[in-house]
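Enquirer: Here it is, the structure, as structure tokens.
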Amino acid sequence: MTDLIHKRRACRLVGLSVVLAAVSSGQAWAQGAQVDELVVTGFRASLASAIEIKKTETALVDVINAEDMADFPDLNLAEALQRIPGVAIDRDGGEGRSITVRGLSGDFSRVRLNGLEALATTGGKDTAGGANRGRSFDFQVFASELFNRVTVRKSQTAEVEEGSLGATIDLDTARPFDDPGFHAAGGLQYGYNDLSRKTDPRVTALISDTWFDGKLGALVSVAYSARNILEEGATSGRWENPSVPTNSGGCFLNGGACNSPAGVYSPVNSAWHARIPRYERFTHDWRRYGTTAAVQFAPTDATTVTFDAMFALLDGSRREEYLTTYLTRLDQTTIRNPVFGAQNQLVSATFDDTDIRSEVRYDELSSEFSQLSLRLDHEFNSRFRIKAVIGQSRSIQDNPVQTTVSFDRYNQDGYSYDFSGSQTLPALNYNFDVADPANWAFSSSAAQGFPSVLRMRPNKTVSRFKTVGVDGEFKLTDGLTLKGGLLFKDYRFVTADWRRNTINGLQDAAVPLPGVSLAQISTLISDFGRGLDAPAGTPSAWLAPDVNKIAALVDLYCNCINAYGDFRVSSDNQRAANRDVGERDLGLYVQADFTTSVFDMPLRGNVGVRRVATTSIARGYVGTNYVAVSRKYDDTLPALNLVLEPREDVLVRFAAAKVMARPQLPSLTPGGSINNTAHTLTIGNPLLDPVRATTFDLSFEWYPARETQFSVGFFRKDLKSYIQSSAATMPYSATGLPVSLLTTRNNPDTIFLVTQLLNTEGGELKGYEINLQGPFSFLPAPFDRFGGIANYTHADSTVTYITDSSVMPAATTVLPLVGLSPRSWNATLYYEDARLSARVSASHRDAYLAAVPGGNGNDARGKNSTLNVDVSASYRLSEQLSLTFEGINLTDEFEDRWISIERRNSEDYTHTGRQYLVGARYRF
């Protein structure tokens, strides 16, 4: 190969190269004249093939293609999807985890693997949502090299199964008939993170072949990678105001009681303050395994049988380390020198009689996914064909070890926090040597304050899909095809938590360790804060419990009573988290695909209707009672897609449909969970209706040259209903739950914030997308090797949220949808010649709401804007061997979460450093 573009007679379409005909005129093609064909390879090939697919689809879709088998253009599927207009992502531990499409979170999008709906779940940090127990798909479970194509379907058709308001995302793995013959490829990369200073391997391999004149084929691909990520930052533990009934009680100011007389609050007691200000470190140690296998058999030209198998495992551990001050009970604290901000927050103060804690949480986690499917495609004749599929997928999110241990220092005087210099990185002065073991205690006594913690909270979630479907297609005329089909899905969701047994009313108290010094069960956290720019005086080292040493010493995971204490765990200690939902969906559709013309302009489209019946049974605990609630509802979902071609290189698309998204599975439990410390109670609602909407799309697309497109799209979604959290304050006695769920420090008159999900009236979501893509072939050499991709999305919405349903009429506020960024954009500049391929990409997402209400009396929680910059390059040494380089998060973007729309107090502020990978890829 001597040039990026050269002449070749052969044609290979998606996955290897894209052939674009160079035709002097339409008449020459129609007359069968001999023409040369242009082959584009590399990254440009994947872009060009994606454009070709987008042009030929009737529905509104965007596509990402691999330029070669097992050579997906990004290391993470979520990070690849953010290049698509209207798609934004959220990260956990520095890696893309979930997506938002046009302002609708992953809970409103469905993901299909090789055509079958699937769910992949992981366990995340608490600030990033914790363990995924909803319908949102966690993309970091899979190595991107396992996939050949990702398709984002933004408009609905009757033949595509229901369940999405945002988009249906199709993930397709490679199959041997995609590119007949023998193929093999392998890749090796080593990564380096400048914060963790660790190196990580990444290995991929694929082999594929066909036999018997292409009638039988098999393919196997494998992928392995490791990630050792260090994440550091600060958190406030949210902000609260003691005068809010559900928050902490009174305080003492300069020796004077704040709550005297009753109901009259001092300035300190009426101000917002950080609940648990602390610096934090997370150590993520992950290993990701993945494999796909496909066997295809074509006994005749009219019949193809395809067997697909997929397995993925994300396995590892996470260690969380905190240097914490608990300011959740200001009635036990003396506050000196308070300074107040303009928005009634306690910006800085000195606190006496505070409890300081060094806390470590250690998690062992795994996310296992498997899928098997069998598909039959058969053409009875040139007019009638069918396809049938049967398959099953299972996702297991397992957190068998979640152990938290703390050392404590009680009644410390002179502690201070100061947010005046930085909202995100406060100055914290502990007023003692936090690295000296003599200054800490591992105490089981509550005499001086909260006892030290030895907490055990394993949990597990299992999701399973069984699917059977059949589709038929009959060509009535050259311009009209009828389609119909039936799809049955059986979905089962089971989740459970286990907690350590309660002893004398204290479930998580430490155990006595006579004769054991703290030095024997501790470790020194050191070298903290590199690249954090924390204020002077921030500790870079502190003493922390060593969870593994303590576990070995007391035989912590024996699930028994031994000489050190009671280490039994039971799901009875956390009944409200034990949930079981079974859901069966039966859908059928009819659809007509047509081609015609209007005023000599080609018009194609489809119109159809889908009818689906949903039956569910949800089970959960209310107190000690295990309750089951059944539910059934039906939906009729018409859909229309039209594509008009005013001229050969211009497309005008219009789509309209009724759509629905089913409620989140944890929300359907008839049970509830209680937090006796925060005074919160969350109760499920098994009678929730789906979120239903009517959607409209209008887009204008121009394809002026090869590999080039310019499009403008407008969208509107009228949400006829919505599901939101409703919070009301009330005495615990008004909930009807048994008093036995309360701890000793609470009573039936204690005020609780009771939260339950309800169906509300909905709202409106609208916006537009602009997309521009193309090579700079109009420039003189060598600049004609450059090209660019840019897209911009603007969206806005209005939803009326209920903030307090305990008053009449209910208190409400109008806010945007949770997860909606008003603006997002992506831009990529690439260069490609015969040997070198390079690109730099930037992705921006505006701030967005993460939760409404925000907890602790706050109206909302959210996340500030992000800008991520990545680079990628490869150099072809030969037809077989290429060297590769990747740079991820080059600006070391921080995850910046806040609480309160007005105050924007920092909730969590962390970074994970820059990631670099170098490697080689060999093709046989």
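In the structure tokens, chains take letters A, B, ... by order of appearance, with residues numbered from 1 within each chain and ligands from 1 in the order shown.
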What parts of region 229-367 of chain A does DSSP call strand (DSSP E)? I'd like the answer as a PyMOL selection string.
Expert: chain A and resi 229-235+239-240+252-253+256-257+273-274+278-300+303-326+334-340+346-352+354-367
Enquirer: Please list as a ChimeraX atom specification every residue within 8 Å of region 706-708 of chain A, counting only C-alpha atoms and excluding residues in the same chain fewer than 2 positions away.
Expert: /A:20,44,47-48,51,703-704,710,772-775
Enquirer: Hey, which bits of region 82-148 of chain A sit within 10 Å of region 656-670 of chain A, and for each residue what's the closest pair of atoms and how far apart in Å (one decimal), counting only C-alpha atoms, rows by chain and increasing number, as a Markdown table?
Expert:
```
| residue | atom | partner | partner_atom | distance |
| --- | --- | --- | --- | --- |
| A:Asp107 | CA | A:Gln664 | CA | 7.2 |
| A:Phe108 | CA | A:Ala661 | CA | 5.9 |
| A:Ser109 | CA | A:Ala661 | CA | 8.0 |
| A:Arg110 | CA | A:Ala661 | CA | 9.0 |
| A:Asn132 | CA | A:Pro666 | CA | 9.8 |
| A:Arg133 | CA | A:Pro666 | CA | 6.3 |
| A:Gly134 | CA | A:Gln664 | CA | 5.2 |
| A:Arg135 | CA | A:Gln664 | CA | 6.1 |
| A:Ser136 | CA | A:Gln664 | CA | 8.8 |
```
Enquirer: Based on the selection just made, write N, CA and C atoms of those residues as a short mmCIF file (atom, residue, chain, number, x, y, z; two decimals), in the first residue's frame.
Expert:
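Written file, again_15.cif:
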```
data_model
loop_
_atom_site.label_atom_id
_atom_site.label_comp_id
_atom_site.auth_asym_id
_atom_site.auth_seq_id
_atom_site.Cartn_x
_atom_site.Cartn_y
_atom_site.Cartn_z
N ASP A 107 -31.33 5.00 32.58
CA ASP A 107 -32.55 4.31 33.00
C ASP A 107 -33.62 4.34 31.93
N PHE A 108 -33.52 5.29 30.99
CA PHE A 108 -34.52 5.43 29.94
C PHE A 108 -34.03 4.93 28.58
N SER A 109 -32.93 4.23 28.55
CA SER A 109 -32.42 3.64 27.31
C SER A 109 -32.27 2.14 27.50
N ARG A 110 -32.45 1.41 26.40
CA ARG A 110 -32.27 -0.03 26.43
C ARG A 110 -31.04 -0.39 25.62
N ASN A 132 -25.43 -0.69 40.90
CA ASN A 132 -26.51 -0.47 39.94
C ASN A 132 -27.57 -1.54 40.13
N ARG A 133 -28.73 -1.10 40.58
CA ARG A 133 -29.85 -2.02 40.76
C ARG A 133 -31.05 -1.59 39.92
N GLY A 134 -30.79 -0.78 38.93
CA GLY A 134 -31.85 -0.33 38.05
C GLY A 134 -31.74 -0.97 36.68
N ARG A 135 -32.25 -0.27 35.67
CA ARG A 135 -32.22 -0.76 34.29
C ARG A 135 -31.08 -0.14 33.49
N SER A 136 -30.33 0.76 34.10
CA SER A 136 -29.22 1.40 33.40
C SER A 136 -28.12 0.38 33.14
#
```
Enquirer: Pick out the closest residue to Ile525 (chain A) from this set: A:Ser452, A:Thr283, A:Thr636, A:Gln189. Count only C-alpha atoms.
Expert: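 Of A:Ser452, A:Thr283, A:Thr636, A:Gln189, the one nearest Ile525 (chain A) is A:Thr283, counting only C-alpha atoms.
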Enquirer: For region 794-802 of chain A, find every residue with an atom within 6 Å (counting only C-alpha atoms), except residues of its own chain fewer than 2 positions away, and show them as a PyMOL selection string.
Expert: chain A and resi 726+763-768+804+811-816+822-823
Enquirer: Given the selection you just returned, output its residues as a file containing N, CA and C atoms, formatted as a PDB file, in the first residue's frame.
Expert:
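Wrote it out as part38.pdb, contents follow:
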```pdb
ATOM      1  N   SER A 726     -40.833  11.568  45.995  1.00  0.00           N
ATOM      2  CA  SER A 726     -41.618  12.502  46.795  1.00  0.00           C
ATOM      3  C   SER A 726     -41.205  12.360  48.251  1.00  0.00           C
ATOM      4  N   GLY A 763     -43.572  16.262  31.811  1.00  0.00           N
ATOM      5  CA  GLY A 763     -43.016  17.538  31.401  1.00  0.00           C
ATOM      6  C   GLY A 763     -42.615  17.497  29.943  1.00  0.00           C
ATOM      7  N   GLU A 764     -41.782  18.435  29.561  1.00  0.00           N
ATOM      8  CA  GLU A 764     -41.401  18.587  28.161  1.00  0.00           C
ATOM      9  C   GLU A 764     -39.887  18.577  28.037  1.00  0.00           C
ATOM     10  N   LEU A 765     -39.396  17.899  27.021  1.00  0.00           N
ATOM     11  CA  LEU A 765     -37.975  17.869  26.682  1.00  0.00           C
ATOM     12  C   LEU A 765     -37.852  18.198  25.201  1.00  0.00           C
ATOM     13  N   LYS A 766     -37.025  19.173  24.883  1.00  0.00           N
ATOM     14  CA  LYS A 766     -36.841  19.541  23.484  1.00  0.00           C
ATOM     15  C   LYS A 766     -35.417  20.020  23.278  1.00  0.00           C
ATOM     16  N   GLY A 767     -34.983  20.002  22.018  1.00  0.00           N
ATOM     17  CA  GLY A 767     -33.628  20.446  21.729  1.00  0.00           C
ATOM     18  C   GLY A 767     -33.266  20.248  20.277  1.00  0.00           C
ATOM     19  N   TYR A 768     -31.992  20.445  19.995  1.00  0.00           N
ATOM     20  CA  TYR A 768     -31.501  20.270  18.636  1.00  0.00           C
ATOM     21  C   TYR A 768     -30.056  19.769  18.662  1.00  0.00           C
ATOM     22  N   ASP A 804     -42.536  18.241  48.783  1.00  0.00           N
ATOM     23  CA  ASP A 804     -43.096  17.856  50.079  1.00  0.00           C
ATOM     24  C   ASP A 804     -44.565  17.512  49.885  1.00  0.00           C
ATOM     25  N   ALA A 811     -46.079  20.803  48.045  1.00  0.00           N
ATOM     26  CA  ALA A 811     -45.073  21.781  47.646  1.00  0.00           C
ATOM     27  C   ALA A 811     -44.325  21.259  46.422  1.00  0.00           C
ATOM     28  N   THR A 812     -44.108  22.120  45.435  1.00  0.00           N
ATOM     29  CA  THR A 812     -43.484  21.704  44.184  1.00  0.00           C
ATOM     30  C   THR A 812     -42.409  22.698  43.775  1.00  0.00           C
ATOM     31  N   THR A 813     -41.569  22.258  42.867  1.00  0.00           N
ATOM     32  CA  THR A 813     -40.577  23.121  42.237  1.00  0.00           C
ATOM     33  C   THR A 813     -40.409  22.679  40.795  1.00  0.00           C
ATOM     34  N   VAL A 814     -40.102  23.604  39.905  1.00  0.00           N
ATOM     35  CA  VAL A 814     -39.914  23.298  38.496  1.00  0.00           C
ATOM     36  C   VAL A 814     -38.418  23.289  38.198  1.00  0.00           C
ATOM     37  N   LEU A 815     -37.919  22.148  37.742  1.00  0.00           N
ATOM     38  CA  LEU A 815     -36.501  21.967  37.476  1.00  0.00           C
ATOM     39  C   LEU A 815     -36.325  21.149  36.195  1.00  0.00           C
ATOM     40  N   PRO A 816     -35.116  21.129  35.638  1.00  0.00           N
ATOM     41  CA  PRO A 816     -34.863  20.261  34.479  1.00  0.00           C
ATOM     42  C   PRO A 816     -34.885  18.790  34.875  1.00  0.00           C
ATOM     43  N   PRO A 822     -27.707  20.959  29.627  1.00  0.00           N
ATOM     44  CA  PRO A 822     -28.264  21.838  28.583  1.00  0.00           C
ATOM     45  C   PRO A 822     -27.434  21.851  27.304  1.00  0.00           C
ATOM     46  N   ARG A 823     -26.108  21.778  27.449  1.00  0.00           N
ATOM     47  CA  ARG A 823     -25.242  21.799  26.281  1.00  0.00           C
ATOM     48  C   ARG A 823     -24.192  20.700  26.399  1.00  0.00           C
TER      49      ARG A 823
END
```
Enquirer: Excluding Val150 (chain A) and its own-chain neighbours fewer than 4 positions away, which residues fall within 6 Å of it when counting only C-alpha atoms? Please give them as a ChimeraX atom specification.
Expert: /A:63-64,170-171
Enquirer: Please produce an output containing C-alpha atoms for each residue in the selection, written as a CSV table (one decimal), in the first residue's frame.
Expert:
```csv
chain,number,residue,atom,x,y,z
A,63,VAL,CA,-23.2,4.3,14.2
A,64,ILE,CA,-19.6,3.6,15.3
A,170,ASP,CA,-27.3,-2.1,19.8
A,171,LEU,CA,-23.9,-3.7,20.5
```
Enquirer: Show which residues sit within 7 Å of Glu886 (chain A), as a list in words. Count only C-alpha atoms, and ignore same-chain residues fewer than 5 positions away.
Expert: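 My reading of the contact set: Val871, Ser872, Ala873, Tyr916, Leu917 and Val918 of chain A.
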Enquirer: For Phe567 (chain A), find every residue with an atom within 12 Å (counting only C-alpha atoms), except residues of its own chain fewer than 2 positions away, and show them as a ChimeraX atom specification.
Expert: /A:403,454-457,498-503,507-511,551,554-565,569-570
Enquirer: Go ahead and dump the residues you just picked, C-alpha atoms, as an mmCIF file, in the first residue's frame.
Expert:
```
data_model
loop_
_atom_site.group_PDB
_atom_site.id
_atom_site.type_symbol
_atom_site.label_atom_id
_atom_site.label_comp_id
_atom_site.auth_asym_id
_atom_site.auth_seq_id
_atom_site.Cartn_x
_atom_site.Cartn_y
_atom_site.Cartn_z
ATOM 1 C CA THR A 403 -16.094 -4.119 55.370
ATOM 2 C CA LEU A 454 -16.477 -2.739 62.396
ATOM 3 C CA ARG A 455 -19.136 -2.900 59.699
ATOM 4 C CA MET A 456 -19.943 -5.775 57.337
ATOM 5 C CA ARG A 457 -22.410 -5.222 54.485
ATOM 6 C CA TRP A 498 -26.534 -8.857 54.491
ATOM 7 C CA ARG A 499 -25.624 -7.075 57.718
ATOM 8 C CA ARG A 500 -23.699 -8.023 60.805
ATOM 9 C CA ASN A 501 -25.789 -9.077 63.788
ATOM 10 C CA THR A 502 -26.899 -6.459 66.285
ATOM 11 C CA ILE A 503 -25.287 -6.621 69.725
ATOM 12 C CA GLN A 507 -24.906 -3.414 64.894
ATOM 13 C CA ASP A 508 -21.535 -2.180 63.660
ATOM 14 C CA ALA A 509 -19.545 -1.618 66.862
ATOM 15 C CA ALA A 510 -15.894 -2.597 67.092
ATOM 16 C CA VAL A 511 -14.852 -5.632 69.111
ATOM 17 C CA ALA A 551 -9.929 -9.609 59.481
ATOM 18 C CA VAL A 554 -10.424 -11.967 64.525
ATOM 19 C CA ASP A 555 -11.423 -14.381 61.723
ATOM 20 C CA LEU A 556 -13.852 -11.741 60.547
ATOM 21 C CA TYR A 557 -15.448 -13.679 57.686
ATOM 22 C CA CYS A 558 -16.187 -16.868 59.603
ATOM 23 C CA ASN A 559 -19.935 -16.048 59.804
ATOM 24 C CA CYS A 560 -19.803 -17.248 63.392
ATOM 25 C CA ILE A 561 -19.457 -16.266 67.031
ATOM 26 C CA ASN A 562 -15.904 -16.692 68.245
ATOM 27 C CA ALA A 563 -13.712 -15.438 71.080
ATOM 28 C CA TYR A 564 -13.608 -11.923 69.640
ATOM 29 C CA GLY A 565 -17.280 -11.350 68.955
ATOM 30 C CA VAL A 569 -24.193 -11.751 58.845
ATOM 31 C CA SER A 570 -27.816 -12.135 57.913
#
```
Enquirer: Can you list, as a list in words, every residue of region 313-537 of chain A that DSSP puts in helix (DSSP H, G or I)?
Expert: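 For region 313-537 of chain A, the helix (DSSP H, G or I) set is Leu330, Asp331, Gln332, Pro437, Ala438, Asn439, Leu518, Ala519, Gln520 and Ile521 of chain A.
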Enquirer: Could you dump the residues just selected with N, CA and C atoms as a PDB file, in the first residue's frame?
Expert:
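Below you can see selection-v6.pdb, which holds the result:
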```pdb
ATOM      1  N   LEU A 330     -24.437  18.664  66.084  1.00  0.00           N
ATOM      2  CA  LEU A 330     -23.877  19.904  66.600  1.00  0.00           C
ATOM      3  C   LEU A 330     -24.329  20.193  68.026  1.00  0.00           C
ATOM      4  N   ASP A 331     -25.372  19.482  68.504  1.00  0.00           N
ATOM      5  CA  ASP A 331     -25.802  19.695  69.879  1.00  0.00           C
ATOM      6  C   ASP A 331     -24.768  19.172  70.867  1.00  0.00           C
ATOM      7  N   GLN A 332     -23.789  18.412  70.394  1.00  0.00           N
ATOM      8  CA  GLN A 332     -22.732  17.899  71.268  1.00  0.00           C
ATOM      9  C   GLN A 332     -21.401  18.613  71.013  1.00  0.00           C
ATOM     10  N   PRO A 437      -0.057   6.653  66.285  1.00  0.00           N
ATOM     11  CA  PRO A 437      -1.006   5.669  66.831  1.00  0.00           C
ATOM     12  C   PRO A 437      -1.476   5.992  68.242  1.00  0.00           C
ATOM     13  N   ALA A 438      -0.657   6.730  69.013  1.00  0.00           N
ATOM     14  CA  ALA A 438      -1.045   7.046  70.388  1.00  0.00           C
ATOM     15  C   ALA A 438      -2.239   7.979  70.446  1.00  0.00           C
ATOM     16  N   ASN A 439      -2.556   8.624  69.355  1.00  0.00           N
ATOM     17  CA  ASN A 439      -3.651   9.597  69.354  1.00  0.00           C
ATOM     18  C   ASN A 439      -4.987   9.008  68.902  1.00  0.00           C
ATOM     19  N   LEU A 518      -2.620  -0.588  68.458  1.00  0.00           N
ATOM     20  CA  LEU A 518      -3.056  -0.072  67.169  1.00  0.00           C
ATOM     21  C   LEU A 518      -1.994  -0.252  66.101  1.00  0.00           C
ATOM     22  N   ALA A 519      -0.746  -0.211  66.509  1.00  0.00           N
ATOM     23  CA  ALA A 519       0.336  -0.382  65.541  1.00  0.00           C
ATOM     24  C   ALA A 519       0.269  -1.740  64.854  1.00  0.00           C
ATOM     25  N   GLN A 520      -0.288  -2.747  65.554  1.00  0.00           N
ATOM     26  CA  GLN A 520      -0.376  -4.096  64.987  1.00  0.00           C
ATOM     27  C   GLN A 520      -1.507  -4.240  63.972  1.00  0.00           C
ATOM     28  N   ILE A 521      -2.475  -3.352  64.030  1.00  0.00           N
ATOM     29  CA  ILE A 521      -3.636  -3.499  63.152  1.00  0.00           C
ATOM     30  C   ILE A 521      -3.847  -2.261  62.286  1.00  0.00           C
TER      31      ILE A 521
END
```
Enquirer: Residues near Gly94 (chain A), anyone? I mean within 8 Å using only C-alpha atoms, not counting same-chain ones fewer than 2 positions away, as JSON, numbers by chain.
Expert: {"A": [91, 92, 96, 229, 911, 912]}
Enquirer: From the options A:Ala205, A:Leu425, A:Val598, A:Ile617, which residue's atoms come nearest to Val494 (chain A), counting only C-alpha atoms?
Expert: A:Ile617
Enquirer: What does the distance from CA of Ala143 (chain A) to CA of Leu314 (chain A) come to in Å, to one decimal?
Expert: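 These two atoms are separated by 9.6 Å.
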Enquirer: Would you please work out which residue, of A:Asp308, A:Asp418, A:Glu359, A:Glu648, is nearest to Val347 (chain A) when using only C-alpha atoms?
Expert: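 Of all the options, A:Asp418 lies closest to Val347 (chain A).
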Enquirer: Check the smallest atom-to-atom distance from each of A:Leu487, A:Thr735, A:Trp702, A:Met601 to Thr750 (chain A) using only C-alpha atoms, then report the winner.
Expert: A:Thr735
Enquirer: Restricting the calculation to only C-alpha atoms, which member of A:Gly855, A:Trp542, A:Glu159, A:Gly341 is positioned closest to Gly472 (chain A)?
Expert: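 Of the candidates, the smallest distance to Gly472 (chain A) is held by A:Glu159.
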Enquirer: Provide the CA of Tyr732 (chain A) to CA of Ser673 (chain A) distance in Å, to one decimal place.
Expert: 12.9 Å
Enquirer: For a quick check of understanding, using only C-alpha atoms, which of A:Lys717, A:Arg845, A:Arg745, A:Arg202 has the smallest distance to Gly186 (chain A)?
Expert: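 Of all the options, A:Arg202 lies closest to Gly186 (chain A).
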